[in-house]
Amino acid sequence: MRPLRIALPKGRMMDEALTLFDAVGASVDESARASRRLILPSADGRFEFLPVKSGDVPTYVESGVADAGVVGLDVLGESDPDVLRPLDLRFGGCGLAVAGPAGTAYPDLPHGRTPRVATKYVESARRFFAGRGMQVELIHISGSVEIAPLLGLSDWIVDLVQTGRTLAENGLVVFEEISRSTARLIVNRASHKLRLEEHQRLIADLAGALESTA
Amino acid sequence: MPNTRISHVPPGSQDLLAGDVRRRRRVQRTWFELAEEEGYQEVIPPTFEYEEVFTRSAGPELASRLIRFVDRDGSLVALRADFTSAIARVVSTRLASAPLPLRLCYAGKVYRQQAEGLGRRRETFQLGAELIGDPSPAADVEVLRLALRTLWALDIRDFQVNLGDIRFVRPLLAGLTPDAADALRTAVDRKDRAALAAGAREIGAPAAVARALIELPELIGRSDVLLRARSLASGPEAEAAIERLRAVDALLTGEEREHVVYDLGEIRGLGYYTGIQFEVFVAGVGRAIGLGGRYDGLLSLYGADRPATGFALETDALADLLAEEG
């Protein structure tokens, strides 16, 4: 049977995920990692890692092309894929927050004007503002959200904040944190049943590795 | 400039031609032969019904996906979103005095709204059966076996049926606010250990309930899992769930047992399931292609109180699997 295929989000979270898999005996050798191959096999033959854009991890796992995946809770909050979410992997911590230029009014703009909010995370923002009973106009943009208020596209932004440095460099301040996010292990529903023992072993191994580093 | 109303069909609908038609007909022929052999009679419910037939039974998830329109007299009508609800109505009315048990089968289209961009159809073919008037584990097994035999008859070998009983989880959610119960139900369904632990803390669950909630994602496997689950059962309802699953297990053949995974966290079904329920998973398809279970309370919603159990499989997914083998 082919190895379990694990979708990983390219970038820092992938490095952290591979470190965790390394701790459970599934290492990927350096030459393979450097090779930009589409599929990276683990040396023990148990897994194949599939590096993809983080927003695409849920799609690959939900469709069953990947058996499992690693992705931030923030991404799951956007696409709400129909997958199992057995483990909080605890790395990749960041917060989703409402921010804007220092001195901008929040949560009410002067004269009761409806605030415009630029974000990549439309669904999470919609849920947050609706929960507060706040009416806002959401503007979906796909990158460099922090310049939107500077250019006059929006009053506020909703974006991920890791260290707050990017915000500070652009003269923005956090008004309020919406939620905290960490990396999750997600599993395809069908694969979980059809290859139950392998998935149970993977979940137990990863949970064990997290215990020992905690 | 071509007229796109002619050159396209609406998203989620499609024309079926040639092999796509042949494979669906082969699945349906195989199905009806098998069902007839077992004494099931075909019914053809109408393509559209008063929407109440569906909103009354299947729960808010299906209700939100009905394709509705306004009839001549102003009443709301919906395209058939679920065969079981329609058949429950027929059994409670026109077949109310028919001798029990009743064995009914069907094959045809159901219509449900789908979000765009997921590549899902709004009109799909289903096939299935309902066994009405028999509360016994033997009836549960008869229906489950019919689903297994349908797959075998189509030469599908690599599949698993995920079998649970809603009565194991239900008492764990009793007495909670609707929001808290929803959040926990979602966590159970996703086997989300972090959310289950957080949820158990938040509702201030007694130790036994908290333990059962946190262990739920692990309560999945072959028959031995039923023994493990028994020590976590919280009260008579959960014990009845385990007893029923053990009775079902005892009636299965060895070959059948190889295709059954017991999962006490299996709570996916439509809102009307009251006892055992199952999902069918086939290699090569990333989601469940079938759903079944016991729905003893459903018929009383339409005026005739009868125990019942049944299942439905997605004809389209089965036909696509036939295509892969050529």
# chains A, B, ... in the order shown; residues from 1 in each chain; ligands from 1

$ interface_residues --of "chain B" --to "chain A" --cutoff "12 Å" --atoms "only C-alpha atoms" --output "compact mmCIF listing (two decimals) with C-alpha atoms, in the first residue's frame"
# COMPACT_ATOMS: atom_id res chain seq x y z
CA ALA B 115 -22.03 26.11 -2.24
CA GLY B 117 -16.65 26.19 -6.11
CA LEU B 118 -16.62 22.81 -4.35
CA GLY B 119 -17.31 20.88 -7.54
CA ARG B 120 -20.49 19.37 -6.09
CA ARG B 157 -13.99 -4.64 -2.49
CA ASP B 158 -12.05 -1.91 -0.69
CA PHE B 159 -14.63 -0.24 1.55
CA GLN B 160 -15.49 0.30 5.22
CA VAL B 161 -18.77 0.96 6.96
CA ASN B 162 -18.41 3.29 9.94
CA LEU B 163 -21.03 2.18 12.46
CA THR B 186 -19.12 19.56 16.08
CA ALA B 187 -16.08 18.64 18.19
CA VAL B 188 -17.26 15.00 18.43
CA ASP B 189 -17.87 14.87 14.69
CA ARG B 190 -14.37 16.22 13.94
CA LYS B 191 -12.67 14.04 16.58
CA ASP B 192 -11.19 17.31 17.80
CA ARG B 193 -9.45 16.41 21.05
CA ALA B 194 -8.52 20.01 21.88
CA ALA B 195 -12.08 21.29 21.40
CA LEU B 196 -13.56 18.35 23.35
CA ALA B 197 -11.28 18.98 26.32
CA ALA B 198 -12.00 22.73 26.21
CA ILE B 214 -12.31 13.20 25.81
CA GLU B 215 -12.06 9.47 25.05
CA LEU B 216 -14.63 9.58 22.23
CA PRO B 217 -12.11 10.13 19.39
CA GLU B 218 -10.36 6.91 20.49
CA LEU B 219 -13.55 4.84 20.63
CA ILE B 220 -13.17 3.60 17.08
CA GLY B 221 -12.02 0.19 15.88
CA ARG B 222 -13.17 -3.44 15.56
CA GLU B 258 -13.97 -7.10 8.13
CA HIS B 259 -15.85 -4.20 6.57
CA VAL B 260 -17.29 -2.69 9.74
CA VAL B 261 -15.54 -0.11 11.91
CA TYR B 262 -17.30 0.66 15.20
CA ASP B 263 -17.14 4.36 15.93
CA GLY B 265 -18.35 9.20 17.72
CA GLU B 266 -20.35 8.51 14.53
CA ARG B 268 -23.07 12.44 11.05
CA PHE B 278 -23.59 4.29 9.61
CA GLU B 279 -21.58 5.90 6.82
CA VAL B 280 -20.08 4.03 3.86
CA PHE B 281 -16.53 4.83 2.71
CA VAL B 282 -14.98 3.48 -0.50
CA ALA B 283 -11.30 3.66 -1.53
CA GLY B 284 -10.79 6.38 -4.11
CA VAL B 285 -13.57 8.66 -2.85
CA GLY B 286 -12.61 11.13 -0.13
CA ARG B 287 -16.04 11.39 1.50
CA ALA B 288 -18.87 9.09 2.57
CA ILE B 289 -20.87 7.70 -0.36
CA GLY B 290 -23.68 6.31 1.73

$ residues_around --residues "Pro46 in chain B" --least-positions-apart "5" --cutoff "12 Å" --atoms "only C-alpha atoms" --output "list in words"
Val53, Val77, Ala78, Leu79, Arg80, Ala81, Asp82, Phe83, Ser85, Ala86, Ile87, Arg89, Val90, Tyr106, Gly108, Lys109 and Val110 of chain B

$ write_last_selection --atoms "C-alpha atoms" --output "CSV table (one decimal), in the first residue's frame"
chain,number,residue,atom,x,y,z
B,53,VAL,CA,-42.2,17.0,4.4
B,77,VAL,CA,-42.9,23.4,-2.5
B,78,ALA,CA,-39.4,21.8,-2.5
B,79,LEU,CA,-37.7,19.4,-4.9
B,80,ARG,CA,-37.1,16.0,-3.3
B,81,ALA,CA,-34.1,16.4,-1.1
B,82,ASP,CA,-34.3,13.1,0.7
B,83,PHE,CA,-36.2,9.8,-0.2
B,85,SER,CA,-38.7,11.7,4.4
B,86,ALA,CA,-40.9,11.3,1.3
B,87,ILE,CA,-41.3,7.5,2.0
B,89,ARG,CA,-44.9,10.4,4.5
B,90,VAL,CA,-46.3,7.7,2.1
B,106,TYR,CA,-36.1,3.3,-4.6
B,108,GLY,CA,-33.7,8.3,-8.4
B,109,LYS,CA,-32.6,11.9,-8.1
B,110,VAL,CA,-32.4,14.1,-5.0

$ select_by_dssp --residues "range 47-271 of chain B" --states "strand (DSSP E)" --output "MDAnalysis selection string"
chainID B and resid 48:50 68:70 76:79 102:111 123:132 159:165 220:221 260:263

$ write_last_selection --atoms "C-alpha atoms" --output "PDB file, in the first residue's frame"
ATOM      1  CA  PHE B  48     -41.569  17.828  -5.582  1.00  0.00           C
ATOM      2  CA  GLU B  49     -43.494  17.947  -2.311  1.00  0.00           C
ATOM      3  CA  TYR B  50     -44.658  20.500   0.229  1.00  0.00           C
ATOM      4  CA  ARG B  68     -37.858  25.614  -3.080  1.00  0.00           C
ATOM      5  CA  PHE B  69     -40.425  27.381  -5.195  1.00  0.00           C
ATOM      6  CA  VAL B  70     -43.862  28.870  -4.677  1.00  0.00           C
ATOM      7  CA  LEU B  76     -43.975  26.447  -0.538  1.00  0.00           C
ATOM      8  CA  VAL B  77     -42.889  23.403  -2.472  1.00  0.00           C
ATOM      9  CA  ALA B  78     -39.434  21.764  -2.488  1.00  0.00           C
ATOM     10  CA  LEU B  79     -37.692  19.421  -4.893  1.00  0.00           C
ATOM     11  CA  LEU B 102     -42.842  -3.161   4.955  1.00  0.00           C
ATOM     12  CA  ARG B 103     -39.842  -3.462   2.675  1.00  0.00           C
ATOM     13  CA  LEU B 104     -39.491  -0.557   0.231  1.00  0.00           C
ATOM     14  CA  CYS B 105     -36.718   0.447  -2.166  1.00  0.00           C
ATOM     15  CA  TYR B 106     -36.053   3.276  -4.589  1.00  0.00           C
ATOM     16  CA  ALA B 107     -33.581   4.775  -7.054  1.00  0.00           C
ATOM     17  CA  GLY B 108     -33.735   8.303  -8.426  1.00  0.00           C
ATOM     18  CA  LYS B 109     -32.564  11.866  -8.096  1.00  0.00           C
ATOM     19  CA  VAL B 110     -32.364  14.083  -5.032  1.00  0.00           C
ATOM     20  CA  TYR B 111     -31.887  17.843  -5.206  1.00  0.00           C
ATOM     21  CA  GLU B 123     -28.826  17.034  -8.461  1.00  0.00           C
ATOM     22  CA  THR B 124     -27.519  13.561  -7.685  1.00  0.00           C
ATOM     23  CA  PHE B 125     -28.731   9.989  -8.093  1.00  0.00           C
ATOM     24  CA  GLN B 126     -29.355   7.911  -4.994  1.00  0.00           C
ATOM     25  CA  LEU B 127     -30.538   4.393  -4.353  1.00  0.00           C
ATOM     26  CA  GLY B 128     -31.688   2.884  -1.109  1.00  0.00           C
ATOM     27  CA  ALA B 129     -34.126   0.880   0.984  1.00  0.00           C
ATOM     28  CA  GLU B 130     -36.353   1.254   4.041  1.00  0.00           C
ATOM     29  CA  LEU B 131     -37.444  -1.555   6.363  1.00  0.00           C
ATOM     30  CA  ILE B 132     -40.474  -0.414   8.364  1.00  0.00           C
ATOM     31  CA  PHE B 159     -14.630  -0.243   1.554  1.00  0.00           C
ATOM     32  CA  GLN B 160     -15.488   0.296   5.217  1.00  0.00           C
ATOM     33  CA  VAL B 161     -18.766   0.965   6.960  1.00  0.00           C
ATOM     34  CA  ASN B 162     -18.410   3.291   9.945  1.00  0.00           C
ATOM     35  CA  LEU B 163     -21.032   2.182  12.464  1.00  0.00           C
ATOM     36  CA  GLY B 164     -22.155   3.924  15.650  1.00  0.00           C
ATOM     37  CA  ASP B 165     -25.243   4.566  17.715  1.00  0.00           C
ATOM     38  CA  ILE B 220     -13.171   3.597  17.084  1.00  0.00           C
ATOM     39  CA  GLY B 221     -12.019   0.189  15.876  1.00  0.00           C
ATOM     40  CA  VAL B 260     -17.289  -2.691   9.742  1.00  0.00           C
ATOM     41  CA  VAL B 261     -15.542  -0.105  11.907  1.00  0.00           C
ATOM     42  CA  TYR B 262     -17.297   0.661  15.200  1.00  0.00           C
ATOM     43  CA  ASP B 263     -17.140   4.365  15.930  1.00  0.00           C
TER      44      ASP B 263
END

$ atom_distance --atom1 "CA of Gln114 in chain B" --atom2 "CA of Arg65 in chain B"
7.1 Å

$ residues_around --residues "range 3-18 of chain A" --least-positions-apart "5" --cutoff "6 Å" --atoms "only C-alpha atoms" --output "count of residues only"
16

$ atom_distance --atom1 "CA of Leu109 in chain A" --atom2 "CA of Asp74 in chain A"
27.1 Å

$ residues_around --residues "Ala96 in chain B" --least-positions-apart "3" --cutoff "12 Å" --atoms "only C-alpha atoms" --output "NGL selection string"
:B and (87-93 or 99-102 or 132-133 or 299-300 or 302-306)

$ closest_residue --among "B:Ser64, B:Gln14, B:Ser57, B:Thr309" --to "Arg121 in chain B" --atoms "only C-alpha atoms"
B:Gln14

$ closest_residue --among "A:Cys94, A:Leu150, A:Met1, A:Val24" --to "Leu210 in chain A" --atoms "only C-alpha atoms"
A:Val24

$ residues_around --residues "Ile203 in chain B" --least-positions-apart "5" --cutoff "10 Å" --atoms "only C-alpha atoms" --output "ChimeraX atom specification"
/B:173,176-177,180-181,184,198,210

$ write_last_selection --atoms "C-alpha atoms" --output "JSON list (two decimals), in the first residue's frame"
[["chain", "number", "residue", "atom", "x", "y", "z"],
["B", 173, "LEU", "CA", -25.04, 16.54, 25.51],
["B", 176, "LEU", "CA", -26.79, 21.87, 27.66],
["B", 177, "THR", "CA", -27.72, 25.15, 26.00],
["B", 180, "ALA", "CA", -22.92, 24.49, 23.91],
["B", 181, "ALA", "CA", -24.46, 21.26, 22.58],
["B", 184, "LEU", "CA", -19.61, 19.81, 21.41],
["B", 198, "ALA", "CA", -12.00, 22.73, 26.21],
["B", 210, "ALA", "CA", -15.70, 14.70, 30.71]]

$ atom_distance --atom1 "CA of Leu318 in chain B" --atom2 "CA of Trp152 in chain B"
11.3 Å

$ decode --residues "range 58-186 of chain B" --atoms "C-alpha atoms" --output "compact mmCIF listing (two decimals), in the first residue's frame"
# COMPACT_ATOMS: atom_id res chain seq x y z
CA ALA B 58 -34.28 15.93 8.60
CA GLY B 59 -33.07 18.84 10.70
CA PRO B 60 -31.82 22.36 9.98
CA GLU B 61 -28.85 21.28 7.85
CA LEU B 62 -31.00 19.70 5.14
CA ALA B 63 -33.72 22.34 5.55
CA SER B 64 -31.16 25.01 4.65
CA ARG B 65 -30.33 23.16 1.44
CA LEU B 66 -33.80 22.66 -0.01
CA ILE B 67 -34.47 23.93 -3.53
CA ARG B 68 -37.86 25.61 -3.08
CA PHE B 69 -40.42 27.38 -5.19
CA VAL B 70 -43.86 28.87 -4.68
CA ASP B 71 -46.79 26.80 -5.96
CA ARG B 72 -49.87 28.22 -7.73
CA ASP B 73 -51.77 28.59 -4.44
CA GLY B 74 -48.85 30.23 -2.66
CA SER B 75 -47.68 27.17 -0.72
CA LEU B 76 -43.97 26.45 -0.54
CA VAL B 77 -42.89 23.40 -2.47
CA ALA B 78 -39.43 21.76 -2.49
CA LEU B 79 -37.69 19.42 -4.89
CA ARG B 80 -37.13 15.98 -3.33
CA ALA B 81 -34.12 16.42 -1.07
CA ASP B 82 -34.35 13.07 0.69
CA PHE B 83 -36.16 9.84 -0.19
CA THR B 84 -36.58 8.65 3.39
CA SER B 85 -38.69 11.67 4.40
CA ALA B 86 -40.91 11.25 1.34
CA ILE B 87 -41.33 7.52 1.96
CA ALA B 88 -42.08 8.13 5.66
CA ARG B 89 -44.94 10.37 4.52
CA VAL B 90 -46.27 7.71 2.12
CA VAL B 91 -46.07 4.99 4.77
CA SER B 92 -47.85 7.16 7.36
CA THR B 93 -50.66 8.02 4.99
CA ARG B 94 -51.43 5.78 2.03
CA LEU B 95 -49.76 2.69 3.53
CA ALA B 96 -50.92 3.33 7.11
CA SER B 97 -52.88 0.06 7.25
CA ALA B 98 -50.45 -2.07 5.22
CA PRO B 99 -49.22 -5.20 7.04
CA LEU B 100 -45.79 -4.86 8.67
CA PRO B 101 -42.92 -5.20 8.16
CA LEU B 102 -42.84 -3.16 4.95
CA ARG B 103 -39.84 -3.46 2.68
CA LEU B 104 -39.49 -0.56 0.23
CA CYS B 105 -36.72 0.45 -2.17
CA TYR B 106 -36.05 3.28 -4.59
CA ALA B 107 -33.58 4.78 -7.05
CA GLY B 108 -33.73 8.30 -8.43
CA LYS B 109 -32.56 11.87 -8.10
CA VAL B 110 -32.36 14.08 -5.03
CA TYR B 111 -31.89 17.84 -5.21
CA ARG B 112 -29.91 19.88 -2.67
CA GLN B 113 -28.33 23.33 -2.75
CA GLN B 114 -24.53 23.32 -2.73
CA ALA B 115 -22.03 26.11 -2.24
CA GLU B 116 -20.27 27.03 -5.47
CA GLY B 117 -16.65 26.19 -6.11
CA LEU B 118 -16.62 22.81 -4.35
CA GLY B 119 -17.31 20.88 -7.54
CA ARG B 120 -20.49 19.37 -6.09
CA ARG B 121 -23.68 18.71 -7.99
CA ARG B 122 -27.06 20.00 -6.91
CA GLU B 123 -28.83 17.03 -8.46
CA THR B 124 -27.52 13.56 -7.69
CA PHE B 125 -28.73 9.99 -8.09
CA GLN B 126 -29.35 7.91 -4.99
CA LEU B 127 -30.54 4.39 -4.35
CA GLY B 128 -31.69 2.88 -1.11
CA ALA B 129 -34.13 0.88 0.98
CA GLU B 130 -36.35 1.25 4.04
CA LEU B 131 -37.44 -1.56 6.36
CA ILE B 132 -40.47 -0.41 8.36
CA GLY B 133 -42.10 -2.05 11.37
CA ASP B 134 -39.24 -4.14 12.80
CA PRO B 135 -37.36 -2.78 15.84
CA SER B 136 -34.94 -5.72 16.17
CA PRO B 137 -31.16 -5.88 15.68
CA ALA B 138 -31.91 -8.40 12.92
CA ALA B 139 -33.63 -5.58 10.97
CA ASP B 140 -30.59 -3.32 11.45
CA VAL B 141 -28.38 -6.10 10.12
CA GLU B 142 -30.70 -6.84 7.19
CA VAL B 143 -30.39 -3.25 6.00
CA LEU B 144 -26.64 -3.04 6.64
CA ARG B 145 -26.15 -6.35 4.82
CA LEU B 146 -28.14 -5.10 1.84
CA ALA B 147 -25.75 -2.12 1.58
CA LEU B 148 -22.69 -4.40 1.80
CA ARG B 149 -24.09 -6.80 -0.79
CA THR B 150 -24.79 -3.93 -3.18
CA LEU B 151 -21.11 -2.96 -3.10
CA TRP B 152 -19.96 -6.55 -3.54
CA ALA B 153 -22.38 -7.07 -6.42
CA LEU B 154 -20.69 -4.11 -8.14
CA ASP B 155 -17.24 -5.68 -7.55
CA ILE B 156 -16.30 -2.99 -5.05
CA ARG B 157 -13.99 -4.64 -2.49
CA ASP B 158 -12.05 -1.91 -0.69
CA PHE B 159 -14.63 -0.24 1.55
CA GLN B 160 -15.49 0.30 5.22
CA VAL B 161 -18.77 0.96 6.96
CA ASN B 162 -18.41 3.29 9.94
CA LEU B 163 -21.03 2.18 12.46
CA GLY B 164 -22.16 3.92 15.65
CA ASP B 165 -25.24 4.57 17.72
CA ILE B 166 -26.38 8.11 18.42
CA ARG B 167 -27.64 7.07 21.88
CA PHE B 168 -24.05 6.82 23.14
CA VAL B 169 -23.32 10.52 22.57
CA ARG B 170 -26.80 11.98 23.19
CA PRO B 171 -26.80 11.72 27.01
CA LEU B 172 -23.42 13.47 27.09
CA LEU B 173 -25.04 16.54 25.51
CA ALA B 174 -28.26 16.44 27.54
CA GLY B 175 -29.24 19.57 29.46
CA LEU B 176 -26.79 21.87 27.66
CA THR B 177 -27.72 25.15 26.00
CA PRO B 178 -28.25 24.70 22.25
CA ASP B 179 -25.00 26.59 21.52
CA ALA B 180 -22.92 24.49 23.91
CA ALA B 181 -24.46 21.26 22.58
CA ASP B 182 -23.78 22.34 18.98
CA ALA B 183 -20.17 23.18 19.73
CA LEU B 184 -19.61 19.81 21.41
CA ARG B 185 -21.43 17.93 18.64
CA THR B 186 -19.12 19.56 16.08
